[in-house]
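For reference, the structure is listed below as structure tokens.
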Amino acid sequence: MNEQIENAAVEIHDLSVSYDRKPVLWGIDLTIPEGSLVGIVGPNGAGKSTLIKAVMGLIPLNSGYAKIFGKDLDDSRHQVSYVPQRESVDWDFPTSAKEVVLMGRYKKIGLFRRPRKADVDVAMSALESVGMTPFANRQISQLSGGQQQRVFLARALAQQADVYFMDEPFAGVDAATEKAIFNILKEMSTQGKTVIVVHHDLQSVGKYFDWLILLNLRLVASGKTENVFKRELLEEAYGGKLTLLSEVGELIKKEEFPGREK
Amino acid sequence: METLIEFFSFKYPNIKYVLFGSVLLAVSSAIVGCFTFLKKKALVGDVVSHAVLPGICLGYLFSTNTLGLTDKNPIILLLGAFATGWLSIVVIDNIVKKTKLKEDTANGLALSVFFGIGILLMTFIQKQGGSSQSGLDSFLFGKAASLVGEDLIVFAVISVILMIAVLFLFKEFTLISFDTAFATAIGFPVKGLNLALTTLTVLAVVTGIQAVGVVLMAAMLITPAAAARFWTDDLRKMIIIAAVFGAFSGTAGAYISYIAPSMPTGPWIVMILSIIALASFFFSPGKGILFKILKRRRIQKLILEENILKLFFQLGEKGKDFREPRTIDEITHKRAFKLQQLNKGLQTLKRQGYLIDSGKGWKLTEEGFVKGKRVLKLHRLWEVYLTQYLRIAPDHVHDDAERIEHIITPELEKKLEMLLEFPDRDPHESEIPY
């Protein structure tokens, strides 16, 4: 089950990735239509986060490529936004919510220059759309987990991108915040933005996403949620790892086999 | 006082060199050190400062043996220092990337190997003799007093470079210190920026080494930042505070070595920085230990006072005689207060107008009555909440309520009342007073 479409917002072609030599993604091939709200779903260790990190160029690829609106990442960075996992940064850092959101403007501001008044305006309105205006000047360690997640979301909004990759934006937030965040994502996709979310709660998948990517080291399925969110496909994704695949992966790591032939 | 005026009048050029040299190096290492600190690379400063030693020795050998100079040239020595200091960071990065060894091991390895080679070379030079090698070992422990005008110019140039770089790359350095993945994702040249930051760190170390020596240099980088972090949650202010701490200790160090000529400047700078850091650790508002202790004391006092008022209310519950005087015996019979604490609490409550000493015993004022009632109400409401919403057995809720009753704000109080719909009785069938 792999629905391929023309003029995709995101196209991933034959993408393979290794961590510490061990292959964690094998030959991923998929397309994502513009304006869709996409869930990347799969068991722990399936390579969900790895997939978006690979697309964002944060880890080296063994093979394949990813294109955004038909262009290489380096030519489309201003159209792409990335929201890392909340735990990936130290929230004790001496900075405020507003300053973090302002980081979303850094690409547009460019190197060596300071944020302009207009950038601050964008940051403030991004904070407003996630309901965090009262906390703008709060030091970030004094925010709750859900509020920190909203700050990250606001930073992404401040980027004014077209495609958003989010690594577990619903992790560790309470039900009310989850709903608020989902509404923002929904609103973004209504406005034609493509939002790709790493998610691990199967309960809400059917309700949240209109496009679904099922992953477990390889692509199990990619397509409209109604076509992908099926018992047999879920069983294939969650029904244990492909033993042979995992064994070959371990072997590659042990033998220090090169990722590419050359 | 006289010496202070004499010191700052710069009558002797030597004092001027030592003072400005110390301040410049302390300030520039404090500024760069803020980012080293925030990137959690505190040990890197230590490694680099030890790793510059072989470079200094090689620079010396090069200038005397190859160039045939009779005097050591500070610029060649600094270039050598810069080269090996920088190399040590490259070595660490590669060890972490290419082997299974973790960063702490890589740091330890790089430090000892580079420093070992440095000592080796230094011993060799000293055995070789020569008129100009005498000052070389001052790099080991530093000798700010030996600074001359030429050194000062080099210091000043490097410091200005450092400050301008941090000023122009403030936003970039902040981002790579906070969220490297995001910086990479938006296409910032993270490798280049890291390289720039590393270079600045090495520059700061190289500048400072002559004054405080390889052993103490790490303190110059990290201590001001660590101290400044206690005073602010804003990175800009933190850098400024760290720089001020640096400048102050630089000045103080130079002054101390001036009034007591047997006192070394560099170690005194580090001593004063350490005192500032310790003071910050204890006395800074909000984060300091003293502040936390005082806060805990205040809360304990508040709890005691609220418990006394609550008790007065409870004593009146049976006979509905809430405002009757109570003796100390009656009070301690109902609840085992420590007598000394109880007396203190009673006096405070009297001063605050919640209790009156009637001669026949203590009794509640109207305000005291209201307050005691509220605490007891919160206690019982919380017990209801725990049994209803957390399904905790009624005989297990009391201890928890003893704590929570003191922390609930008026807003939470309202919410609690609404949520539970003003229940009449707590889980132990005691009446809830409104």
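Each chain in the structure tokens gets a letter, A, B, ..., in the order shown, and its residues are numbered from 1; ligands are numbered from 1 in order too.
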
Would you list, as number ranges by chain, the residues of range 65-107 of chain B that end up in helix (DSSP H, G or I) under DSSP run on this structure's backbone?
B: 65-66, 74-98, 103-107

Got time to write the residues from that selection, N, CA and C atoms, as an mmCIF file, in the first residue's frame?
data_model
loop_
_atom_site.group_PDB
_atom_site.id
_atom_site.type_symbol
_atom_site.label_atom_id
_atom_site.label_comp_id
_atom_site.auth_asym_id
_atom_site.auth_seq_id
_atom_site.Cartn_x
_atom_site.Cartn_y
_atom_site.Cartn_z
ATOM 1 N N ASN B 65 66.160 28.265 17.919
ATOM 2 C CA ASN B 65 67.009 27.377 17.121
ATOM 3 C C ASN B 65 66.952 27.685 15.634
ATOM 4 N N THR B 66 65.718 27.874 15.104
ATOM 5 C CA THR B 66 65.593 28.042 13.662
ATOM 6 C C THR B 66 65.841 29.486 13.245
ATOM 7 N N PRO B 74 57.025 37.017 21.765
ATOM 8 C CA PRO B 74 55.694 36.638 22.273
ATOM 9 C C PRO B 74 54.745 36.176 21.177
ATOM 10 N N ILE B 75 54.859 36.764 19.989
ATOM 11 C CA ILE B 75 53.909 36.412 18.933
ATOM 12 C C ILE B 75 54.131 34.982 18.450
ATOM 13 N N ILE B 76 55.395 34.596 18.308
ATOM 14 C CA ILE B 76 55.667 33.226 17.864
ATOM 15 C C ILE B 76 55.220 32.228 18.933
ATOM 16 N N LEU B 77 55.462 32.570 20.188
ATOM 17 C CA LEU B 77 55.016 31.681 21.271
ATOM 18 C C LEU B 77 53.495 31.528 21.257
ATOM 19 N N LEU B 78 52.796 32.657 21.075
ATOM 20 C CA LEU B 78 51.334 32.605 21.072
ATOM 21 C C LEU B 78 50.814 31.821 19.869
ATOM 22 N N LEU B 79 51.476 31.981 18.728
ATOM 23 C CA LEU B 79 51.057 31.215 17.546
ATOM 24 C C LEU B 79 51.205 29.725 17.803
ATOM 25 N N GLY B 80 52.325 29.354 18.413
ATOM 26 C CA GLY B 80 52.536 27.949 18.752
ATOM 27 C C GLY B 80 51.459 27.463 19.707
ATOM 28 N N ALA B 81 51.173 28.295 20.738
ATOM 29 C CA ALA B 81 50.155 27.938 21.720
ATOM 30 C C ALA B 81 48.805 27.746 21.045
ATOM 31 N N PHE B 82 48.491 28.673 20.173
ATOM 32 C CA PHE B 82 47.217 28.602 19.469
ATOM 33 C C PHE B 82 47.112 27.306 18.662
ATOM 34 N N ALA B 83 48.209 26.961 17.972
ATOM 35 C CA ALA B 83 48.193 25.778 17.105
ATOM 36 C C ALA B 83 47.919 24.504 17.897
ATOM 37 N N THR B 84 48.663 24.281 18.990
ATOM 38 C CA THR B 84 48.449 23.012 19.702
ATOM 39 C C THR B 84 47.141 23.036 20.496
ATOM 40 N N GLY B 85 46.758 24.219 20.992
ATOM 41 C CA GLY B 85 45.474 24.315 21.701
ATOM 42 C C GLY B 85 44.327 23.923 20.787
ATOM 43 N N TRP B 86 44.402 24.418 19.604
ATOM 44 C CA TRP B 86 43.369 24.148 18.621
ATOM 45 C C TRP B 86 43.392 22.678 18.208
ATOM 46 N N LEU B 87 44.601 22.173 18.023
ATOM 47 C CA LEU B 87 44.761 20.769 17.632
ATOM 48 C C LEU B 87 44.116 19.845 18.669
ATOM 49 N N SER B 88 44.225 20.203 19.943
ATOM 50 C CA SER B 88 43.667 19.337 20.982
ATOM 51 C C SER B 88 42.156 19.202 20.817
ATOM 52 N N ILE B 89 41.498 20.281 20.400
ATOM 53 C CA ILE B 89 40.044 20.205 20.207
ATOM 54 C C ILE B 89 39.701 19.325 19.014
ATOM 55 N N VAL B 90 40.503 19.451 17.955
ATOM 56 C CA VAL B 90 40.297 18.583 16.790
ATOM 57 C C VAL B 90 40.460 17.122 17.202
ATOM 58 N N VAL B 91 41.470 16.862 18.020
ATOM 59 C CA VAL B 91 41.720 15.487 18.478
ATOM 60 C C VAL B 91 40.515 14.971 19.273
ATOM 61 N N ILE B 92 40.008 15.798 20.191
ATOM 62 C CA ILE B 92 38.855 15.375 20.997
ATOM 63 C C ILE B 92 37.668 15.041 20.086
ATOM 64 N N ASP B 93 37.359 15.962 19.165
ATOM 65 C CA ASP B 93 36.222 15.739 18.262
ATOM 66 C C ASP B 93 36.361 14.438 17.503
ATOM 67 N N ASN B 94 37.571 14.169 17.023
ATOM 68 C CA ASN B 94 37.770 12.958 16.238
ATOM 69 C C ASN B 94 37.698 11.706 17.088
ATOM 70 N N ILE B 95 38.214 11.781 18.305
ATOM 71 C CA ILE B 95 38.120 10.611 19.189
ATOM 72 C C ILE B 95 36.649 10.279 19.434
ATOM 73 N N VAL B 96 35.846 11.312 19.716
ATOM 74 C CA VAL B 96 34.435 11.075 20.008
ATOM 75 C C VAL B 96 33.717 10.533 18.779
ATOM 76 N N LYS B 97 34.046 11.076 17.622
ATOM 77 C CA LYS B 97 33.341 10.704 16.399
ATOM 78 C C LYS B 97 33.750 9.316 15.905
ATOM 79 N N LYS B 98 35.024 9.011 15.983
ATOM 80 C CA LYS B 98 35.516 7.823 15.295
ATOM 81 C C LYS B 98 35.707 6.610 16.200
ATOM 82 N N GLU B 103 33.014 11.520 25.571
ATOM 83 C CA GLU B 103 33.692 12.805 25.591
ATOM 84 C C GLU B 103 34.605 12.992 26.809
ATOM 85 N N ASP B 104 34.154 12.506 27.988
ATOM 86 C CA ASP B 104 34.994 12.721 29.179
ATOM 87 C C ASP B 104 36.334 12.020 29.038
ATOM 88 N N THR B 105 36.292 10.790 28.475
ATOM 89 C CA THR B 105 37.537 10.052 28.269
ATOM 90 C C THR B 105 38.424 10.781 27.271
ATOM 91 N N ALA B 106 37.804 11.252 26.187
ATOM 92 C CA ALA B 106 38.564 11.958 25.162
ATOM 93 C C ALA B 106 39.232 13.199 25.753
ATOM 94 N N ASN B 107 38.482 13.926 26.594
ATOM 95 C CA ASN B 107 39.046 15.110 27.251
ATOM 96 C C ASN B 107 40.248 14.735 28.111
#

Considering only C-alpha atoms, return as a count of residues only whatever protein or nucleic-acid residues lie within 7 Å of range 41-56 of chain A, sequence-local ones (same chain, fewer than 3 positions apart) excluded.
19

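Shortest atom-to-atom contact with chain A among B:Ala165, B:Ala144, B:Leu273, B:Val48: B:Ala165, counting only C-alpha atoms.
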
One decimal, Å: what's the distance from CA of Arg113 in chain A over to CA of Lys40 in chain B, could you say?
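Pair CA of Arg113 in chain A / CA of Lys40 in chain B returns 25.9 Å.
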
Output as CSV one row per residue of range 73-111 of chain A within 12 Å of range 116-130 of chain A: the closest atom pair and its distance in Å to one decimal place, counting only C-alpha atoms, sorted by chain and residue number ascending.
residue,atom,partner,partner_atom,distance
A:Ser96,CA,A:Leu127,CA,11.9
A:Ala97,CA,A:Leu127,CA,8.5
A:Lys98,CA,A:Ala123,CA,6.8
A:Glu99,CA,A:Ala123,CA,8.4
A:Val100,CA,A:Ala123,CA,9.0
A:Val101,CA,A:Ala123,CA,5.6
A:Leu102,CA,A:Ala123,CA,5.4
A:Met103,CA,A:Ala123,CA,8.7
A:Gly104,CA,A:Ala123,CA,7.8
A:Arg105,CA,A:Asp119,CA,6.4
A:Tyr106,CA,A:Asp119,CA,9.0
A:Lys107,CA,A:Asp119,CA,11.1
A:Lys108,CA,A:Asp119,CA,8.9
A:Ile109,CA,A:Arg116,CA,7.9
A:Gly110,CA,A:Arg116,CA,11.2

Give me, as a PDB file with N, CA and C atoms, in the first residue's frame, the contact residues of chain A against chain B at a cut-off of 8 Å, counting only C-alpha atoms.
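Ended up saving to part-v9.pdb:
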ATOM      1  N   MET A  56      15.639  16.303   7.032  1.00  0.00           N
ATOM      2  CA  MET A  56      16.151  17.628   7.383  1.00  0.00           C
ATOM      3  C   MET A  56      17.673  17.715   7.271  1.00  0.00           C
ATOM      4  N   GLY A  57      18.303  16.634   6.860  1.00  0.00           N
ATOM      5  CA  GLY A  57      19.748  16.672   6.688  1.00  0.00           C
ATOM      6  C   GLY A  57      20.523  16.656   7.994  1.00  0.00           C
ATOM      7  N   LEU A  58      19.905  16.170   9.055  1.00  0.00           N
ATOM      8  CA  LEU A  58      20.583  16.157  10.347  1.00  0.00           C
ATOM      9  C   LEU A  58      21.439  14.912  10.536  1.00  0.00           C
ATOM     10  N   ASP A  74      18.653  22.130   0.374  1.00  0.00           N
ATOM     11  CA  ASP A  74      19.404  23.379   0.465  1.00  0.00           C
ATOM     12  C   ASP A  74      18.754  24.512  -0.316  1.00  0.00           C
ATOM     13  N   ARG A  77      15.172  25.395   2.068  1.00  0.00           N
ATOM     14  CA  ARG A  77      15.178  25.497   3.536  1.00  0.00           C
ATOM     15  C   ARG A  77      14.228  26.563   4.052  1.00  0.00           C
ATOM     16  N   HIS A  78      14.089  27.652   3.308  1.00  0.00           N
ATOM     17  CA  HIS A  78      13.202  28.718   3.783  1.00  0.00           C
ATOM     18  C   HIS A  78      11.745  28.274   3.768  1.00  0.00           C
ATOM     19  N   VAL A  80      10.864  25.147   4.737  1.00  0.00           N
ATOM     20  CA  VAL A  80      10.751  23.990   5.614  1.00  0.00           C
ATOM     21  C   VAL A  80      11.000  24.392   7.056  1.00  0.00           C
ATOM     22  N   SER A  81      10.199  23.818   7.947  1.00  0.00           N
ATOM     23  CA  SER A  81      10.397  24.071   9.366  1.00  0.00           C
ATOM     24  C   SER A  81      10.543  22.741  10.087  1.00  0.00           C
ATOM     25  N   TYR A  82      11.363  22.742  11.122  1.00  0.00           N
ATOM     26  CA  TYR A  82      11.609  21.502  11.868  1.00  0.00           C
ATOM     27  C   TYR A  82      11.402  21.762  13.352  1.00  0.00           C
ATOM     28  N   VAL A  83      10.596  20.923  13.978  1.00  0.00           N
ATOM     29  CA  VAL A  83      10.378  21.015  15.426  1.00  0.00           C
ATOM     30  C   VAL A  83      11.001  19.783  16.073  1.00  0.00           C
ATOM     31  N   PRO A  84      12.147  19.951  16.757  1.00  0.00           N
ATOM     32  CA  PRO A  84      12.785  18.791  17.384  1.00  0.00           C
ATOM     33  C   PRO A  84      11.978  18.298  18.582  1.00  0.00           C
ATOM     34  N   SER A  88      15.158  17.355  23.476  1.00  0.00           N
ATOM     35  CA  SER A  88      16.455  17.455  22.815  1.00  0.00           C
ATOM     36  C   SER A  88      17.229  18.702  23.224  1.00  0.00           C
ATOM     37  N   VAL A  89      16.580  19.635  23.931  1.00  0.00           N
ATOM     38  CA  VAL A  89      17.329  20.823  24.354  1.00  0.00           C
ATOM     39  C   VAL A  89      17.303  20.943  25.870  1.00  0.00           C
ATOM     40  N   ASP A  90      18.206  21.784  26.391  1.00  0.00           N
ATOM     41  CA  ASP A  90      18.280  22.032  27.826  1.00  0.00           C
ATOM     42  C   ASP A  90      17.415  23.240  28.143  1.00  0.00           C
ATOM     43  N   PHE A  93      18.387  26.713  29.884  1.00  0.00           N
ATOM     44  CA  PHE A  93      19.142  27.746  29.154  1.00  0.00           C
ATOM     45  C   PHE A  93      18.612  29.140  29.507  1.00  0.00           C
ATOM     46  N   PRO A  94      19.533  30.102  29.754  1.00  0.00           N
ATOM     47  CA  PRO A  94      19.060  31.428  30.179  1.00  0.00           C
ATOM     48  C   PRO A  94      18.437  32.232  29.043  1.00  0.00           C
ATOM     49  N   THR A  95      17.209  31.938  28.732  1.00  0.00           N
ATOM     50  CA  THR A  95      16.539  32.670  27.665  1.00  0.00           C
ATOM     51  C   THR A  95      15.033  32.622  27.912  1.00  0.00           C
ATOM     52  N   SER A  96      14.300  33.500  27.219  1.00  0.00           N
ATOM     53  CA  SER A  96      12.856  33.586  27.451  1.00  0.00           C
ATOM     54  C   SER A  96      12.090  32.931  26.302  1.00  0.00           C
ATOM     55  N   MET A 103      14.016  32.737  17.387  1.00  0.00           N
ATOM     56  CA  MET A 103      14.973  31.901  16.656  1.00  0.00           C
ATOM     57  C   MET A 103      14.368  31.407  15.344  1.00  0.00           C
ATOM     58  N   LYS A 107      16.711  32.409  10.161  1.00  0.00           N
ATOM     59  CA  LYS A 107      17.050  32.125   8.764  1.00  0.00           C
ATOM     60  C   LYS A 107      16.761  33.349   7.902  1.00  0.00           C
ATOM     61  N   LEU A 111      22.827  35.698   8.722  1.00  0.00           N
ATOM     62  CA  LEU A 111      23.950  35.710   9.644  1.00  0.00           C
ATOM     63  C   LEU A 111      24.363  37.138   9.980  1.00  0.00           C
ATOM     64  N   PHE A 112      24.986  37.310  11.120  1.00  0.00           N
ATOM     65  CA  PHE A 112      25.594  38.563  11.600  1.00  0.00           C
ATOM     66  C   PHE A 112      24.608  39.674  11.919  1.00  0.00           C
ATOM     67  N   ARG A 113      23.351  39.545  11.467  1.00  0.00           N
ATOM     68  CA  ARG A 113      22.432  40.664  11.706  1.00  0.00           C
ATOM     69  C   ARG A 113      21.551  40.428  12.913  1.00  0.00           C
ATOM     70  N   ARG A 114      21.041  41.512  13.469  1.00  0.00           N
ATOM     71  CA  ARG A 114      20.180  41.409  14.631  1.00  0.00           C
ATOM     72  C   ARG A 114      18.722  41.324  14.190  1.00  0.00           C
ATOM     73  N   GLN A 139      11.178  32.892  31.768  1.00  0.00           N
ATOM     74  CA  GLN A 139      12.334  32.034  31.487  1.00  0.00           C
ATOM     75  C   GLN A 139      11.820  30.636  31.149  1.00  0.00           C
TER      76      GLN A 139
END

Can you tell me, as a list in words, what residues are no more than 12 Å from range 341-345 of chain B when counting only C-alpha atoms, ignoring any on the same chain fewer than 6 positions away?
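My list of contacting residues is Gln300, Lys301, Leu302, Ile303, Leu304, Glu305, Glu306, Asn307, Ile308, Leu309, Leu311, Thr327, Ile328, Asp329, Ile331, Thr332, Arg335, Arg351, Gln352, Tyr354, Leu355, Asp357 and Trp362 of chain B.
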